[in-house]
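K.L.:
One structure coming up, written as structure tokens, with questions to follow.
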Amino acid sequence: MSSVTVDLDGAAWGLAGNRLYSVNLADATTTLVATFDGYSLMGLTLNPADGMLYAQDNATVYRIDPIPHTIAIVATVAAVSGGALNTVAGMAIDSGGAFWFSQVENGGADPWDLTYALW
């Protein structure tokens with residue numbers, strides 16, 4: 001799984017590509033909840049302002065409702081951040097509902113020559 005988050009009711013959710021799982025935190029077992037064909041999602045996180053799950057795919061932010069198994073486009077990452085983000089590494093949402101994105105890029109010849117940004 002690329003990311004795991006816990007919702008406002010204490011239920012844990014995990015994301016692996018286009019598959020959403022419920023996660024039992026007591027024994028680490030998982031149950032497939034939904035498959036979103038045509039998506040390659042990452043950065044699953046909870047928005048405490050509305051209680052919904054959100055994920056991104058490097059260019060688009062999606063709202064995921066795990067109960068009716070729906071996914072909806074919310075915005076493009078560039079529109080949310082106000083700038084051009086080429087490689088989004090992660091996403092978080094603060095208690096006021098503001099989205100934060102981290103960006104990592106290899107800016108040099110060496111593989112460890114990375115630059116980081118927070119939007």
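Ordering of the structure tokens sets the chain letters (A, B, ...), residue numbers begin anew at 1 in every chain, and ligands are numbered from 1 in the order given.
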With only C-alpha atoms as the counted atoms, please give the residues lying no more than 10 Å from range 32-49 of chain A, apart from itself and same-chain residues fewer than 4 positions off, as JSON, numbers by chain.

P.N.:
{"A": [1, 2, 3, 4, 5, 6, 7, 8, 13, 14, 15, 16, 17, 18, 19, 20, 21, 22, 23, 53, 54, 55, 56, 57, 58, 60, 61, 62, 63, 64, 66, 67, 68, 69, 70, 71, 88, 89, 90, 91, 92, 93, 94, 95, 96, 97, 98, 99, 101]}

K.L.:
Give me, as a ChimeraX atom specification, the residues of range 23-108 of chain A that a backbone DSSP run labels strand (DSSP E or B).

P.N.:
/A:23,30-35,41-47,52-56,60-65,70-76,88-93,99-106

K.L.:
Quick check, in Å to one decimal: how far apart do CA of Ser102 in chain A and CA of Gly10 in chain A lie?

P.N.:
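Separation between CA of Ser102 in chain A and CA of Gly10 in chain A: 25.6 Å.
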